[in-house]
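*Asks:* One structure, pasted below without further comment.
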Amino acid sequence: MLKCVPYYSRHDCLLLYPDYINTMTEITLDSRVGDIVAHRPSASKTFHQYGIDFCCGGGKSLSIACSKKGVNAEQVLLELTKVDSAFESEKTWINASPNALIGHILTKYHEPLQSELPRLEAMLEKVNRVHGHVDQARFDALVSTFSTLKQDLLEHMQKEEEVLFPLIMQKRFDAVDMPIQMMESEHEEAGAALRELRRLTDDYVAPEYACNTWRALWDGLRELEIAMHEHVHLENNVLFPRAAALN
């Protein structure tokens, strides 16, 4: 059993590692979608538009990813090229130290999720109580899926903060392989739950008769999906490969 090590907050994330220089000079159909977003974060907007998975599916080439979604790869490449022209002005994390990236993940994703997940759960309970009768089977499935996702994410983040992240920050790279595999497997499960939420909400399109709370809930779930894609991408395609490579 892996022994837990002390928790490190974002305030402990000192720049202990030399900068990692890795540049992408050109985006092609053979470029991996995870690499594209790692070097050009704003490309995630284009991938969201076409429903292309750049986090758990980040290892696929642009050509294969587009083929799986039934979209024109050349058209997506053209849009990515337009995004690429404005690349110099955006913040990337590919060159950051692992500690700096961990600090960003904690501040940008872990901390907000601690409050956002209960907020969405409360809204879902209210909408289900008032409007669930219009399609009770669907709402029951929605409540069950979200409840499981919420609990899984809270436990997942705790394991990262108490085990994996401290290992990386302490440069104990020989011990990261098993925790990384576990986290990636849990990322896959979270991705499946997010896809189910999207299906149950009809791609987050609320019915015409939906109240404001219902519409706000659908919008919040959509934003959760976007944030989770970015969150998992930074771990799966940037932080974890770097830590594994230092083993």
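Please note that chains go A, B, ... in the order of the structure tokens, that every chain numbers its residues from 1, and that ligands are numbered from 1 in the order shown.
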Run DSSP on the backbone and grab whatever in region 41-201 of chain A lands in alpha helix (DSSP H); send it over as number ranges by chain.
*Replies:* A: 43-50, 62-69, 73-84, 98-105, 111-131, 136-159, 165-169, 177-200
*Asks:* Find the residues near Thr148 (chain A): any atom within 10 Å, counting only C-alpha atoms, skip ones fewer than 4 places away on the same chain, and give them as a list in words.
*Replies:* Val143, Ser144, Asp152, Leu153, Ala190 and Ala193 of chain A
*Asks:* Select, from A:Asn212, A:Gln114, A:Thr92, A:Thr28, the residue with the minimum atom-to-atom distance to Val76 (chain A), counting only C-alpha atoms.
*Replies:* A:Thr28
*Asks:* Using only C-alpha atoms, which of A:Met182, A:Ala141, A:Val238, A:His131 sits nearest Gly59 (chain A)?
*Replies:*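 That would be A:Val238, the residue with the smallest distance to Gly59 (chain A).
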*Asks:* Using only C-alpha atoms, which protein or nucleic acid residues come within 9 Å of Asp53 (chain A)? Drop anything in the same chain fewer than 3 positions from it, and give the result as a list in words.
*Replies:*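 After dropping sequence-adjacent residues, the list is Val33, Gly34, Phe47, His48, Cys56, Gly57, Gly58, Ala65 and His229 of chain A.
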*Asks:* Could you pull the residues within 12 Å of Gly51 (chain A), counting only C-alpha atoms, minus those fewer than 5 positions along the same chain, as number ranges by chain?
*Replies:* A: 44-46, 57, 65-71, 76, 195, 198, 203, 225-226, 229
*Asks:* Just the selected residues (N, CA and C atoms), exported as a PDB file, in the first residue's frame, please.
*Replies:*
ATOM      1  N   SER A  44      -8.799  24.678 -27.179  1.00  0.00           N
ATOM      2  CA  SER A  44      -9.841  23.910 -26.503  1.00  0.00           C
ATOM      3  C   SER A  44     -11.235  24.401 -26.892  1.00  0.00           C
ATOM      4  N   LYS A  45     -11.371  25.677 -27.200  1.00  0.00           N
ATOM      5  CA  LYS A  45     -12.669  26.218 -27.610  1.00  0.00           C
ATOM      6  C   LYS A  45     -13.140  25.573 -28.906  1.00  0.00           C
ATOM      7  N   THR A  46     -12.212  25.396 -29.840  1.00  0.00           N
ATOM      8  CA  THR A  46     -12.564  24.752 -31.107  1.00  0.00           C
ATOM      9  C   THR A  46     -12.949  23.299 -30.874  1.00  0.00           C
ATOM     10  N   GLY A  57      -8.996  11.566 -24.215  1.00  0.00           N
ATOM     11  CA  GLY A  57      -8.670  11.136 -25.577  1.00  0.00           C
ATOM     12  C   GLY A  57      -7.559  11.941 -26.196  1.00  0.00           C
ATOM     13  N   ALA A  65      -9.278  11.858 -34.252  1.00  0.00           N
ATOM     14  CA  ALA A  65     -10.280  12.438 -33.355  1.00  0.00           C
ATOM     15  C   ALA A  65     -11.454  13.009 -34.146  1.00  0.00           C
ATOM     16  N   CYS A  66     -11.151  13.683 -35.253  1.00  0.00           N
ATOM     17  CA  CYS A  66     -12.215  14.250 -36.084  1.00  0.00           C
ATOM     18  C   CYS A  66     -13.030  13.152 -36.751  1.00  0.00           C
ATOM     19  N   SER A  67     -12.347  12.107 -37.210  1.00  0.00           N
ATOM     20  CA  SER A  67     -13.036  10.989 -37.853  1.00  0.00           C
ATOM     21  C   SER A  67     -14.026  10.340 -36.898  1.00  0.00           C
ATOM     22  N   LYS A  68     -13.632  10.185 -35.627  1.00  0.00           N
ATOM     23  CA  LYS A  68     -14.507   9.559 -34.640  1.00  0.00           C
ATOM     24  C   LYS A  68     -15.766  10.401 -34.380  1.00  0.00           C
ATOM     25  N   LYS A  69     -15.643  11.727 -34.532  1.00  0.00           N
ATOM     26  CA  LYS A  69     -16.789  12.611 -34.322  1.00  0.00           C
ATOM     27  C   LYS A  69     -17.536  12.902 -35.615  1.00  0.00           C
ATOM     28  N   GLY A  70     -17.022  12.401 -36.740  1.00  0.00           N
ATOM     29  CA  GLY A  70     -17.682  12.619 -38.026  1.00  0.00           C
ATOM     30  C   GLY A  70     -17.620  14.049 -38.506  1.00  0.00           C
ATOM     31  N   VAL A  71     -16.521  14.737 -38.192  1.00  0.00           N
ATOM     32  CA  VAL A  71     -16.365  16.128 -38.624  1.00  0.00           C
ATOM     33  C   VAL A  71     -15.199  16.228 -39.603  1.00  0.00           C
ATOM     34  N   VAL A  76     -11.478  21.709 -39.289  1.00  0.00           N
ATOM     35  CA  VAL A  76     -11.036  21.921 -37.903  1.00  0.00           C
ATOM     36  C   VAL A  76      -9.602  22.429 -37.883  1.00  0.00           C
ATOM     37  N   ARG A 195     -20.434  12.591 -19.969  1.00  0.00           N
ATOM     38  CA  ARG A 195     -21.139  12.292 -21.229  1.00  0.00           C
ATOM     39  C   ARG A 195     -22.589  11.893 -20.948  1.00  0.00           C
ATOM     40  N   ARG A 198     -24.595  14.991 -20.201  1.00  0.00           N
ATOM     41  CA  ARG A 198     -24.895  15.699 -21.451  1.00  0.00           C
ATOM     42  C   ARG A 198     -26.060  15.023 -22.175  1.00  0.00           C
ATOM     43  N   ASP A 203     -27.916  17.732 -24.412  1.00  0.00           N
ATOM     44  CA  ASP A 203     -26.823  18.657 -24.724  1.00  0.00           C
ATOM     45  C   ASP A 203     -26.996  20.003 -24.016  1.00  0.00           C
ATOM     46  N   GLU A 225     -18.643  20.725 -17.195  1.00  0.00           N
ATOM     47  CA  GLU A 225     -18.047  19.853 -18.217  1.00  0.00           C
ATOM     48  C   GLU A 225     -16.830  20.513 -18.854  1.00  0.00           C
ATOM     49  N   ILE A 226     -16.961  21.790 -19.203  1.00  0.00           N
ATOM     50  CA  ILE A 226     -15.852  22.510 -19.831  1.00  0.00           C
ATOM     51  C   ILE A 226     -14.652  22.569 -18.889  1.00  0.00           C
ATOM     52  N   HIS A 229     -12.956  19.164 -18.530  1.00  0.00           N
ATOM     53  CA  HIS A 229     -12.132  18.818 -19.693  1.00  0.00           C
ATOM     54  C   HIS A 229     -10.772  19.500 -19.605  1.00  0.00           C
TER      55      HIS A 229
END
*Asks:* May I have the residues within 10 Å of His104 (chain A) as a PyMOL selection string, using only C-alpha atoms and disregarding those fewer than 2 positions away in the same chain?
*Replies:* chain A and resi 10+13+93+98-102+106-110+231+234
